[in-house]
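A.B. asks: Structure below; questions to follow.
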Amino acid sequence: MGETEKRVATHGGGCFSKMKMFLLSLTMAYVAKSLSGAYMNSMLTQIERQFNIPTSIVGLINGSFEIGNLLLVIFVSYFGTKLHRPIVIGVGCAVMGLGCFLISLPHFLMGRYDYEKTISPASNLSSNSFLCSGDGTQTLTPPHDPKECVKEVKSLMWIYVMIGNLIRGIGETPIMPLGISYIEDFAKSENSPLYIGILETGKIVGPLIGLLLASFCATIYVDTGSVNTDDLTITPTDTRWVGAWWIGFLICAGVNVLTSIPFFFFPKTLQKKRLKVNVDVTKSDREEKHQRKTKEEKRGITKDFLPFMKSLFCNPIYILFSLISVLQVNAFIISFTFMPKFLEQQYGKSAAEIIFLIGLYSLPPICIGYLIGGLIMKKFKITVKKAAYIAFCLSLTEYLLCFLNYMWTCDNFPVAGLTASYEHERPHRPWSPEDHRIQQPLYVENMVLDDCNTRCNCLTKTWDPVCGENGLAYMSACLAGCEKSVGTGINMVFQNCSCIQSSGNSSAVLGLCEKDPDCTIKLQYYFIMAVFGCFIYSLAAIPGYMVLLRCIKSEEKSLGVGLHAFCMRIFGGIPAPIYFGALIDRTCLYWGIMKCGEPGACRMYDINEFRNIYIGVPAALRGLSYLPAVFILILMRKRQQPEDIDSSETELAEMKLTEKENEYMDVHRSPEVENDGELKTKL
């Protein structure tokens, strides 16, 4: 081998190894960003309780990520390729790390989390002042300490979380578009789909790790290390429990910063590996492509932008598909964002258990569905019309399956004075709110008092529930009429409870009563249906996206895809969690009370109304999306099928010819091939 050929081979091999290193670094960046996103969504309930904020504010915090994305998406789309792309990606990863750190910062500034309780450590050990005193005086609300009211200004620190999430959205913006364009520009064209497939795998691995991390952190008390956990009177299943959400964000910050480091060492451009540097046809193609690119750049963006926008807005399939995407994204974001909260309330499980089950049952079928969907599209060479029908039928099937979730339902926790009367005793069958809905429709202050506790001098606006032997929960030990306590911490037992009608010693323990055992079985059924639903939905995703790509002209594709993503964010990603959070707040039965008497986070929801909203609103949105989908099928049916077949066969023939040329160049590296005509003759 000559010196020139050795240098070419060495240079090509070096570039190829640099491309593989860039692919590895970008894959880790994908894992880091999706890890942070999944962890953030899983910790929203913990953040809500930590800062005592309503769900609508939580939705605003979640939507701030999309706002951050929109702030830079225009800049990245049009100017990103002219900058040093690896460095821009590295800066984006570092900014994401900064955002995650800023999210965790309030934990170190606020002090300890003080949950709502009637039992203090002092009374826990020395007196029974929190029990039924028997002097007949009623205290509706706890006394307000002005100093404590001043401290509650710190609850506004949720703004730090929102700004941190917004910065995280800004940092994520350049990673995907600039990373994929870098691969497309400098990787071999036949390797590009494989590389992008590896990146998509990273987007699945990241959420799986994020959900496992969230499940672990949710089991750790938020102030672990600074408080004696033996003095705690709550468990992870309690609606006042806050897990160590800040630990995960510190981990996410570190991971994002570490993944940013390699990008600062990659060059602005790579020499694309070519199989035959001495072939005239390759040189001429390269020169022609360079001239064409230069000519397109000279035309400028202002000349093409308005005609392309007009063409896209006059494309009925594109407009209808964008409308479908907005409706579907609204439904998906609602379901994914508030799923942990809904399942916690519906089935009475801890956040850690619910988050773990979501990761276990949801992500694997999604990954398998994407893989099988892509293989089917490639294996059977499905045309765009067939892809549209496949996506429609699969999506409709999954949509109909979601209505089965109305079968796997559990009722509200029976709480005296809130969802049940004091005379209610839990029957052997699951309690139904219809039993006492007429007597106790909603929380009313004077209904929490009964003949059995009016003498007890109880706080009626403090949530510190206990579970009686009769299977009925009470809002506090005092309201249960309990006069004596034994034990400390979560092992405390209350005795001589006048409101508990039981054949035993009328005792109670801390926390709400456990839901019926059937709820655990129904939760399993729910996740089994989720497996099938996620698989079918992801199976339809690739054919559906193919419809979007094929309905846009090649020169308009970049703008069309970007505009499509912009519409999904501005009309779906940002408003959906906000308005749905406000709807969830309307189902709250009991709001926690902060020290100043202001309402805090919701402690208990009417699960029947919550269920109707959580399942019904996404179902209505998705149902509306099938109307424009039918119009797309009608429009595509009017298209001339032979033209699409011919175009797809032409593309396939060109791909096969390119593969043969590459194979020939790999085997025959000799200068005797002088021109394109001679090459095709030999082939």
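Ordered as shown in the structure tokens, chains take letters A, B, and onward, while each chain numbers its residues from 1 and ligands are numbered from 1 in the order shown.
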Name all residues at most 8 Å from stretch 567-584 of chain A (count only C-alpha atoms; drop same-chain ones fewer than 4 positions away) and give them as a PyMOL selection string.
C.D. replies: chain A and resi 54-60+62-64+66-67+70+322+325-327+329-330+333-334+337+563+588+610+613
A.B. asks: Do a neighbour search on A:Ala480 at 10 Å with only C-alpha atoms, toss out local chain neighbours closer than 5 positions, and write the hits as a list in words.
C.D. replies: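 The neighbour list is Leu131, Cys132, Ala416, Tyr422, Val448, Leu449, Asp450, Cys452, Asn453, Cys456, Cys458, Pro465, Val466, Cys467, Gly468, Leu472, Ala473, Tyr474, Met475, Phe494, Gln495, Asn496, Cys497, Ser498, Cys499, Ile500, Ser506, Ser507 and Ala508 of chain A.
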A.B. asks: Please, which residues of stretch 163-370 of chain A, numbered as in this document, come out strand (DSSP E or B) from DSSP, as a CSV table (one decimal) with C-alpha atoms, in the first residue's frame?
C.D. replies:
```
chain,number,residue,atom,x,y,z
A,221,TYR,CA,-37.5,11.2,54.2
A,224,THR,CA,-32.9,12.5,56.4
A,227,VAL,CA,-34.0,14.8,62.0
A,243,GLY,CA,-39.4,12.0,49.9
```
A.B. asks: Please extract the residues of stretch 383-502 of chain A with a backbone DSSP assignment of helix (DSSP H, G or I) and present them as a PyMOL selection string.
C.D. replies: chain A and resi 384-406+433-435+445-447+489-491
A.B. asks: For the residues in that selection, give me C-alpha atoms as a PDB file, in the first residue's frame.
C.D. replies:
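Dumped everything to result-v4.pdb:
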```pdb
ATOM      1  CA  VAL A 384     -47.552   6.099   3.206  1.00  0.00           C
ATOM      2  CA  LYS A 385     -51.233   5.320   2.609  1.00  0.00           C
ATOM      3  CA  LYS A 386     -50.953   1.932   4.257  1.00  0.00           C
ATOM      4  CA  ALA A 387     -48.991   3.531   7.090  1.00  0.00           C
ATOM      5  CA  ALA A 388     -51.821   6.013   7.647  1.00  0.00           C
ATOM      6  CA  TYR A 389     -54.401   3.210   7.880  1.00  0.00           C
ATOM      7  CA  ILE A 390     -52.174   1.147  10.199  1.00  0.00           C
ATOM      8  CA  ALA A 391     -51.558   4.109  12.519  1.00  0.00           C
ATOM      9  CA  PHE A 392     -55.275   4.958  12.600  1.00  0.00           C
ATOM     10  CA  CYS A 393     -56.426   1.394  13.366  1.00  0.00           C
ATOM     11  CA  LEU A 394     -53.778   0.747  16.037  1.00  0.00           C
ATOM     12  CA  SER A 395     -54.355   4.070  17.745  1.00  0.00           C
ATOM     13  CA  LEU A 396     -58.136   3.570  17.721  1.00  0.00           C
ATOM     14  CA  THR A 397     -57.709   0.086  19.236  1.00  0.00           C
ATOM     15  CA  GLU A 398     -55.576   1.452  22.071  1.00  0.00           C
ATOM     16  CA  TYR A 399     -58.064   4.287  22.578  1.00  0.00           C
ATOM     17  CA  LEU A 400     -60.950   1.855  23.058  1.00  0.00           C
ATOM     18  CA  LEU A 401     -58.882  -0.268  25.459  1.00  0.00           C
ATOM     19  CA  CYS A 402     -58.306   2.715  27.770  1.00  0.00           C
ATOM     20  CA  PHE A 403     -62.016   2.738  28.689  1.00  0.00           C
ATOM     21  CA  LEU A 404     -61.452  -0.582  30.488  1.00  0.00           C
ATOM     22  CA  ASN A 405     -59.702   1.454  33.198  1.00  0.00           C
ATOM     23  CA  TYR A 406     -63.153   2.331  34.496  1.00  0.00           C
ATOM     24  CA  PRO A 433     -69.535   6.739  48.611  1.00  0.00           C
ATOM     25  CA  GLU A 434     -73.171   6.246  47.663  1.00  0.00           C
ATOM     26  CA  ASP A 435     -73.701   4.819  51.180  1.00  0.00           C
ATOM     27  CA  GLU A 445     -66.544  22.264  59.190  1.00  0.00           C
ATOM     28  CA  ASN A 446     -69.438  21.505  61.528  1.00  0.00           C
ATOM     29  CA  MET A 447     -69.728  17.948  60.193  1.00  0.00           C
ATOM     30  CA  GLY A 489     -43.584   7.625  66.665  1.00  0.00           C
ATOM     31  CA  ILE A 490     -45.393   5.621  64.058  1.00  0.00           C
ATOM     32  CA  ASN A 491     -45.968   2.833  66.607  1.00  0.00           C
TER      33      ASN A 491
END
```
A.B. asks: Determine, counting only C-alpha atoms, which protein, DNA and RNA residues have an atom within 12 Å of an atom of stretch 247-249 of chain A; residues of the same chain fewer than 6 positions away are not included. Present the result as a PDB file with N, CA and C atoms, in the first residue's frame.
C.D. replies:
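Resulting contents of result30.pdb:
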```pdb
ATOM      1  N   ALA A  32     -28.881  11.261  29.895  1.00  0.00           N
ATOM      2  CA  ALA A  32     -28.895  12.241  30.981  1.00  0.00           C
ATOM      3  C   ALA A  32     -30.119  13.140  30.907  1.00  0.00           C
ATOM      4  N   LYS A  33     -30.448  13.608  29.701  1.00  0.00           N
ATOM      5  CA  LYS A  33     -31.587  14.533  29.596  1.00  0.00           C
ATOM      6  C   LYS A  33     -32.918  13.827  29.835  1.00  0.00           C
ATOM      7  N   LEU A  35     -33.247  11.097  31.631  1.00  0.00           N
ATOM      8  CA  LEU A  35     -33.216  10.748  33.048  1.00  0.00           C
ATOM      9  C   LEU A  35     -33.745  11.906  33.887  1.00  0.00           C
ATOM     10  N   SER A  36     -33.271  13.112  33.601  1.00  0.00           N
ATOM     11  CA  SER A  36     -33.717  14.289  34.344  1.00  0.00           C
ATOM     12  C   SER A  36     -35.206  14.548  34.140  1.00  0.00           C
ATOM     13  N   GLY A  37     -35.684  14.391  32.892  1.00  0.00           N
ATOM     14  CA  GLY A  37     -37.092  14.633  32.607  1.00  0.00           C
ATOM     15  C   GLY A  37     -38.013  13.663  33.316  1.00  0.00           C
ATOM     16  N   ALA A  38     -37.663  12.363  33.280  1.00  0.00           N
ATOM     17  CA  ALA A  38     -38.495  11.361  33.944  1.00  0.00           C
ATOM     18  C   ALA A  38     -38.484  11.556  35.459  1.00  0.00           C
ATOM     19  N   TYR A  39     -37.329  11.910  36.004  1.00  0.00           N
ATOM     20  CA  TYR A  39     -37.244  12.129  37.446  1.00  0.00           C
ATOM     21  C   TYR A  39     -38.091  13.335  37.858  1.00  0.00           C
ATOM     22  N   MET A  40     -38.038  14.397  37.055  1.00  0.00           N
ATOM     23  CA  MET A  40     -38.820  15.598  37.372  1.00  0.00           C
ATOM     24  C   MET A  40     -40.310  15.278  37.405  1.00  0.00           C
ATOM     25  N   ASN A  41     -40.808  14.570  36.408  1.00  0.00           N
ATOM     26  CA  ASN A  41     -42.233  14.228  36.370  1.00  0.00           C
ATOM     27  C   ASN A  41     -42.634  13.350  37.544  1.00  0.00           C
ATOM     28  N   SER A  42     -41.741  12.481  37.976  1.00  0.00           N
ATOM     29  CA  SER A  42     -42.059  11.562  39.066  1.00  0.00           C
ATOM     30  C   SER A  42     -42.068  12.247  40.423  1.00  0.00           C
ATOM     31  N   MET A  43     -41.343  13.363  40.546  1.00  0.00           N
ATOM     32  CA  MET A  43     -41.218  14.050  41.829  1.00  0.00           C
ATOM     33  C   MET A  43     -42.183  15.228  41.985  1.00  0.00           C
ATOM     34  N   ILE A  47     -42.814  17.628  45.339  1.00  0.00           N
ATOM     35  CA  ILE A  47     -42.600  19.079  45.304  1.00  0.00           C
ATOM     36  C   ILE A  47     -43.871  19.811  45.734  1.00  0.00           C
ATOM     37  N   MET A  96     -28.156  22.303  31.527  1.00  0.00           N
ATOM     38  CA  MET A  96     -29.127  21.385  32.126  1.00  0.00           C
ATOM     39  C   MET A  96     -28.709  21.010  33.539  1.00  0.00           C
ATOM     40  N   GLY A  97     -27.412  20.755  33.723  1.00  0.00           N
ATOM     41  CA  GLY A  97     -26.911  20.467  35.066  1.00  0.00           C
ATOM     42  C   GLY A  97     -27.132  21.630  36.018  1.00  0.00           C
ATOM     43  N   LEU A  98     -26.919  22.860  35.536  1.00  0.00           N
ATOM     44  CA  LEU A  98     -27.164  24.047  36.352  1.00  0.00           C
ATOM     45  C   LEU A  98     -28.640  24.143  36.734  1.00  0.00           C
ATOM     46  N   GLY A  99     -29.532  23.849  35.780  1.00  0.00           N
ATOM     47  CA  GLY A  99     -30.962  23.881  36.079  1.00  0.00           C
ATOM     48  C   GLY A  99     -31.354  22.874  37.141  1.00  0.00           C
ATOM     49  N   CYS A 100     -30.809  21.653  37.056  1.00  0.00           N
ATOM     50  CA  CYS A 100     -31.111  20.617  38.058  1.00  0.00           C
ATOM     51  C   CYS A 100     -30.608  21.032  39.433  1.00  0.00           C
ATOM     52  N   PHE A 101     -29.422  21.648  39.481  1.00  0.00           N
ATOM     53  CA  PHE A 101     -28.891  22.111  40.768  1.00  0.00           C
ATOM     54  C   PHE A 101     -29.771  23.211  41.350  1.00  0.00           C
ATOM     55  N   LEU A 102     -30.232  24.123  40.502  1.00  0.00           N
ATOM     56  CA  LEU A 102     -31.090  25.215  40.969  1.00  0.00           C
ATOM     57  C   LEU A 102     -32.414  24.675  41.503  1.00  0.00           C
ATOM     58  N   ILE A 103     -32.920  23.597  40.909  1.00  0.00           N
ATOM     59  CA  ILE A 103     -34.162  22.982  41.398  1.00  0.00           C
ATOM     60  C   ILE A 103     -33.982  22.461  42.818  1.00  0.00           C
ATOM     61  N   SER A 104     -32.816  21.894  43.112  1.00  0.00           N
ATOM     62  CA  SER A 104     -32.573  21.321  44.438  1.00  0.00           C
ATOM     63  C   SER A 104     -32.219  22.372  45.484  1.00  0.00           C
ATOM     64  N   LEU A 105     -31.891  23.577  45.065  1.00  0.00           N
ATOM     65  CA  LEU A 105     -31.394  24.612  45.972  1.00  0.00           C
ATOM     66  C   LEU A 105     -32.361  24.979  47.099  1.00  0.00           C
ATOM     67  N   PRO A 106     -33.683  25.089  46.866  1.00  0.00           N
ATOM     68  CA  PRO A 106     -34.587  25.481  47.960  1.00  0.00           C
ATOM     69  C   PRO A 106     -34.505  24.574  49.181  1.00  0.00           C
ATOM     70  N   HIS A 107     -34.160  23.319  48.981  1.00  0.00           N
ATOM     71  CA  HIS A 107     -34.068  22.418  50.137  1.00  0.00           C
ATOM     72  C   HIS A 107     -33.040  22.921  51.144  1.00  0.00           C
ATOM     73  N   PHE A 108     -31.963  23.517  50.660  1.00  0.00           N
ATOM     74  CA  PHE A 108     -30.899  23.977  51.544  1.00  0.00           C
ATOM     75  C   PHE A 108     -31.176  25.371  52.100  1.00  0.00           C
ATOM     76  N   VAL A 161     -37.658  26.360  41.747  1.00  0.00           N
ATOM     77  CA  VAL A 161     -37.858  25.101  41.027  1.00  0.00           C
ATOM     78  C   VAL A 161     -38.336  25.370  39.609  1.00  0.00           C
ATOM     79  N   GLY A 164     -35.455  26.814  37.608  1.00  0.00           N
ATOM     80  CA  GLY A 164     -34.509  25.741  37.323  1.00  0.00           C
ATOM     81  C   GLY A 164     -34.989  24.817  36.223  1.00  0.00           C
ATOM     82  N   ASN A 165     -36.290  24.512  36.234  1.00  0.00           N
ATOM     83  CA  ASN A 165     -36.839  23.662  35.182  1.00  0.00           C
ATOM     84  C   ASN A 165     -36.842  24.377  33.840  1.00  0.00           C
ATOM     85  N   ARG A 168     -33.403  24.185  32.589  1.00  0.00           N
ATOM     86  CA  ARG A 168     -33.187  22.824  32.094  1.00  0.00           C
ATOM     87  C   ARG A 168     -33.743  22.666  30.681  1.00  0.00           C
ATOM     88  N   ILE A 209     -33.973   4.603  34.210  1.00  0.00           N
ATOM     89  CA  ILE A 209     -33.092   4.924  35.337  1.00  0.00           C
ATOM     90  C   ILE A 209     -33.709   6.030  36.191  1.00  0.00           C
ATOM     91  N   GLY A 210     -34.317   7.024  35.526  1.00  0.00           N
ATOM     92  CA  GLY A 210     -34.931   8.125  36.263  1.00  0.00           C
ATOM     93  C   GLY A 210     -36.057   7.671  37.166  1.00  0.00           C
ATOM     94  N   LEU A 211     -36.894   6.759  36.682  1.00  0.00           N
ATOM     95  CA  LEU A 211     -38.004   6.262  37.495  1.00  0.00           C
ATOM     96  C   LEU A 211     -37.503   5.416  38.658  1.00  0.00           C
ATOM     97  N   LEU A 212     -36.467   4.617  38.420  1.00  0.00           N
ATOM     98  CA  LEU A 212     -35.899   3.822  39.516  1.00  0.00           C
ATOM     99  C   LEU A 212     -35.273   4.734  40.570  1.00  0.00           C
ATOM    100  N   LEU A 213     -34.581   5.777  40.122  1.00  0.00           N
ATOM    101  CA  LEU A 213     -33.999   6.736  41.062  1.00  0.00           C
ATOM    102  C   LEU A 213     -35.092   7.448  41.851  1.00  0.00           C
ATOM    103  N   ALA A 214     -36.171   7.834  41.179  1.00  0.00           N
ATOM    104  CA  ALA A 214     -37.282   8.507  41.861  1.00  0.00           C
ATOM    105  C   ALA A 214     -37.941   7.596  42.881  1.00  0.00           C
ATOM    106  N   SER A 215     -38.090   6.322  42.519  1.00  0.00           N
ATOM    107  CA  SER A 215     -38.685   5.358  43.445  1.00  0.00           C
ATOM    108  C   SER A 215     -37.829   5.210  44.698  1.00  0.00           C
ATOM    109  N   PHE A 216     -36.511   5.204  44.511  1.00  0.00           N
ATOM    110  CA  PHE A 216     -35.598   5.081  45.659  1.00  0.00           C
ATOM    111  C   PHE A 216     -35.645   6.333  46.530  1.00  0.00           C
ATOM    112  N   CYS A 217     -35.577   7.509  45.918  1.00  0.00           N
ATOM    113  CA  CYS A 217     -35.554   8.763  46.684  1.00  0.00           C
ATOM    114  C   CYS A 217     -36.870   9.001  47.415  1.00  0.00           C
ATOM    115  N   ALA A 218     -37.978   8.518  46.853  1.00  0.00           N
ATOM    116  CA  ALA A 218     -39.280   8.736  47.482  1.00  0.00           C
ATOM    117  C   ALA A 218     -39.432   7.956  48.780  1.00  0.00           C
ATOM    118  N   THR A 219     -38.608   6.938  48.992  1.00  0.00           N
ATOM    119  CA  THR A 219     -38.675   6.165  50.236  1.00  0.00           C
ATOM    120  C   THR A 219     -37.861   6.801  51.353  1.00  0.00           C
ATOM    121  N   ILE A 220     -36.989   7.758  50.999  1.00  0.00           N
ATOM    122  CA  ILE A 220     -36.138   8.432  51.983  1.00  0.00           C
ATOM    123  C   ILE A 220     -36.819   9.722  52.407  1.00  0.00           C
ATOM    124  N   TYR A 221     -36.870   9.967  53.716  1.00  0.00           N
ATOM    125  CA  TYR A 221     -37.512  11.190  54.205  1.00  0.00           C
ATOM    126  C   TYR A 221     -36.715  12.400  53.760  1.00  0.00           C
ATOM    127  N   VAL A 222     -37.411  13.500  53.449  1.00  0.00           N
ATOM    128  CA  VAL A 222     -36.796  14.672  52.836  1.00  0.00           C
ATOM    129  C   VAL A 222     -35.669  15.260  53.689  1.00  0.00           C
ATOM    130  N   ASP A 223     -35.814  15.210  55.019  1.00  0.00           N
ATOM    131  CA  ASP A 223     -34.796  15.783  55.905  1.00  0.00           C
ATOM    132  C   ASP A 223     -33.947  14.701  56.544  1.00  0.00           C
ATOM    133  N   THR A 224     -33.731  13.622  55.825  1.00  0.00           N
ATOM    134  CA  THR A 224     -32.913  12.547  56.368  1.00  0.00           C
ATOM    135  C   THR A 224     -31.523  13.059  56.718  1.00  0.00           C
ATOM    136  N   VAL A 255     -24.640  14.224  36.639  1.00  0.00           N
ATOM    137  CA  VAL A 255     -24.602  13.413  35.413  1.00  0.00           C
ATOM    138  C   VAL A 255     -24.588  14.309  34.180  1.00  0.00           C
ATOM    139  N   ASN A 256     -25.410  15.349  34.172  1.00  0.00           N
ATOM    140  CA  ASN A 256     -25.459  16.248  33.010  1.00  0.00           C
ATOM    141  C   ASN A 256     -24.150  16.999  32.817  1.00  0.00           C
TER     142      ASN A 256
END
```
A.B. asks: Which residues, written as a VMD selection string, have at least one atom at most 12 Å from A:Pro365, with only C-alpha atoms counted and residues fewer than 2 positions away on the same chain left out?
C.D. replies: chain A and resid 204 358 to 363 367 to 373 527 to 539
A.B. asks: With N, CA, C and O atoms kept, could you save the residues just selected as an mmCIF file, in the first residue's frame?
C.D. replies:
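Resulting contents of part-v2.cif:
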```
data_model
loop_
_atom_site.group_PDB
_atom_site.id
_atom_site.type_symbol
_atom_site.label_atom_id
_atom_site.label_comp_id
_atom_site.auth_asym_id
_atom_site.auth_seq_id
_atom_site.Cartn_x
_atom_site.Cartn_y
_atom_site.Cartn_z
ATOM 1 N N ILE A 204 -34.872 5.713 25.935
ATOM 2 C CA ILE A 204 -35.674 4.764 26.702
ATOM 3 C C ILE A 204 -34.954 4.378 27.991
ATOM 4 O O ILE A 204 -35.570 4.242 29.054
ATOM 5 N N ILE A 358 -44.690 2.023 37.436
ATOM 6 C CA ILE A 358 -44.823 2.721 36.157
ATOM 7 C C ILE A 358 -43.625 2.431 35.266
ATOM 8 O O ILE A 358 -43.764 2.127 34.073
ATOM 9 N N GLY A 359 -42.412 2.510 35.835
ATOM 10 C CA GLY A 359 -41.218 2.207 35.052
ATOM 11 C C GLY A 359 -41.154 0.766 34.610
ATOM 12 O O GLY A 359 -40.733 0.463 33.488
ATOM 13 N N LEU A 360 -41.602 -0.143 35.483
ATOM 14 C CA LEU A 360 -41.519 -1.570 35.180
ATOM 15 C C LEU A 360 -42.495 -1.988 34.087
ATOM 16 O O LEU A 360 -42.150 -2.779 33.200
ATOM 17 N N TYR A 361 -43.696 -1.439 34.110
ATOM 18 C CA TYR A 361 -44.742 -1.893 33.193
ATOM 19 C C TYR A 361 -44.871 -1.056 31.925
ATOM 20 O O TYR A 361 -45.403 -1.528 30.927
ATOM 21 N N SER A 362 -44.416 0.190 31.930
ATOM 22 C CA SER A 362 -44.672 1.085 30.801
ATOM 23 C C SER A 362 -43.524 1.161 29.803
ATOM 24 O O SER A 362 -43.749 1.101 28.592
ATOM 25 N N LEU A 363 -42.291 1.301 30.286
ATOM 26 C CA LEU A 363 -41.176 1.572 29.372
ATOM 27 C C LEU A 363 -40.775 0.381 28.493
ATOM 28 O O LEU A 363 -40.539 0.562 27.299
ATOM 29 N N CYS A 367 -40.522 0.483 24.287
ATOM 30 C CA CYS A 367 -39.281 0.209 23.551
ATOM 31 C C CYS A 367 -39.496 -0.890 22.517
ATOM 32 O O CYS A 367 -39.078 -0.769 21.361
ATOM 33 N N ILE A 368 -40.156 -1.970 22.927
ATOM 34 C CA ILE A 368 -40.418 -3.087 22.011
ATOM 35 C C ILE A 368 -41.343 -2.647 20.878
ATOM 36 O O ILE A 368 -41.160 -3.033 19.718
ATOM 37 N N GLY A 369 -42.340 -1.831 21.192
ATOM 38 C CA GLY A 369 -43.266 -1.357 20.166
ATOM 39 C C GLY A 369 -42.579 -0.511 19.117
ATOM 40 O O GLY A 369 -42.828 -0.672 17.915
ATOM 41 N N TYR A 370 -41.688 0.396 19.537
ATOM 42 C CA TYR A 370 -40.933 1.199 18.577
ATOM 43 C C TYR A 370 -40.082 0.308 17.674
ATOM 44 O O TYR A 370 -40.015 0.507 16.459
ATOM 45 N N LEU A 371 -39.420 -0.676 18.275
ATOM 46 C CA LEU A 371 -38.534 -1.557 17.515
ATOM 47 C C LEU A 371 -39.309 -2.375 16.487
ATOM 48 O O LEU A 371 -38.950 -2.423 15.304
ATOM 49 N N ILE A 372 -40.399 -2.991 16.928
ATOM 50 C CA ILE A 372 -41.193 -3.818 16.015
ATOM 51 C C ILE A 372 -41.839 -2.963 14.939
ATOM 52 O O ILE A 372 -41.895 -3.353 13.760
ATOM 53 N N GLY A 373 -42.323 -1.773 15.304
ATOM 54 C CA GLY A 373 -42.927 -0.878 14.311
ATOM 55 C C GLY A 373 -41.947 -0.503 13.219
ATOM 56 O O GLY A 373 -42.285 -0.503 12.031
ATOM 57 N N PHE A 527 -52.155 -2.121 35.427
ATOM 58 C CA PHE A 527 -50.838 -2.114 34.788
ATOM 59 C C PHE A 527 -50.736 -3.155 33.676
ATOM 60 O O PHE A 527 -49.984 -2.961 32.715
ATOM 61 N N ILE A 528 -51.466 -4.247 33.800
ATOM 62 C CA ILE A 528 -51.487 -5.219 32.700
ATOM 63 C C ILE A 528 -52.102 -4.584 31.457
ATOM 64 O O ILE A 528 -51.592 -4.739 30.336
ATOM 65 N N MET A 529 -53.184 -3.833 31.657
ATOM 66 C CA MET A 529 -53.775 -3.119 30.528
ATOM 67 C C MET A 529 -52.831 -2.038 30.013
ATOM 68 O O MET A 529 -52.786 -1.748 28.811
ATOM 69 N N ALA A 530 -52.047 -1.437 30.922
ATOM 70 C CA ALA A 530 -51.079 -0.420 30.508
ATOM 71 C C ALA A 530 -50.005 -1.014 29.609
ATOM 72 O O ALA A 530 -49.525 -0.351 28.678
ATOM 73 N N VAL A 531 -49.622 -2.256 29.866
ATOM 74 C CA VAL A 531 -48.627 -2.923 29.018
ATOM 75 C C VAL A 531 -49.132 -3.025 27.585
ATOM 76 O O VAL A 531 -48.441 -2.649 26.628
ATOM 77 N N PHE A 532 -50.359 -3.510 27.426
ATOM 78 C CA PHE A 532 -50.921 -3.649 26.081
ATOM 79 C C PHE A 532 -51.143 -2.274 25.438
ATOM 80 O O PHE A 532 -50.875 -2.089 24.242
ATOM 81 N N GLY A 533 -51.631 -1.318 26.228
ATOM 82 C CA GLY A 533 -51.881 0.010 25.680
ATOM 83 C C GLY A 533 -50.609 0.691 25.211
ATOM 84 O O GLY A 533 -50.565 1.257 24.110
ATOM 85 N N CYS A 534 -49.546 0.643 26.024
ATOM 86 C CA CYS A 534 -48.271 1.270 25.649
ATOM 87 C C CYS A 534 -47.672 0.608 24.417
ATOM 88 O O CYS A 534 -47.114 1.278 23.542
ATOM 89 N N PHE A 535 -47.782 -0.720 24.341
ATOM 90 C CA PHE A 535 -47.225 -1.438 23.195
ATOM 91 C C PHE A 535 -47.944 -1.056 21.903
ATOM 92 O O PHE A 535 -47.312 -0.742 20.887
ATOM 93 N N ILE A 536 -49.276 -1.052 21.934
ATOM 94 C CA ILE A 536 -50.044 -0.733 20.730
ATOM 95 C C ILE A 536 -49.830 0.720 20.330
ATOM 96 O O ILE A 536 -49.673 1.045 19.141
ATOM 97 N N TYR A 537 -49.797 1.624 21.320
ATOM 98 C CA TYR A 537 -49.616 3.050 21.025
ATOM 99 C C TYR A 537 -48.253 3.305 20.379
ATOM 100 O O TYR A 537 -48.144 4.053 19.406
ATOM 101 N N SER A 538 -47.202 2.678 20.921
ATOM 102 C CA SER A 538 -45.861 2.874 20.354
ATOM 103 C C SER A 538 -45.731 2.185 19.000
ATOM 104 O O SER A 538 -44.976 2.632 18.140
ATOM 105 N N LEU A 539 -46.481 1.114 18.795
ATOM 106 C CA LEU A 539 -46.463 0.430 17.503
ATOM 107 C C LEU A 539 -47.024 1.329 16.405
ATOM 108 O O LEU A 539 -46.594 1.265 15.248
#
```
A.B. asks: Taking 2 positions as the minimum chain separation for residues in the same chain, which residues sit within 9 Å of A:Gly179 when counting only C-alpha atoms? Answer as a PyMOL selection string.
C.D. replies: chain A and resi 22-23+26+85-86+89+174-177+181-184
A.B. asks: Here is a test: counting only C-alpha atoms, which residue of A:Ile355, A:Tyr626, A:Gly560, A:Phe266 is nearest to A:Met21?
C.D. replies: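 Of A:Ile355, A:Tyr626, A:Gly560, A:Phe266, the one nearest A:Met21 is A:Phe266, counting only C-alpha atoms.
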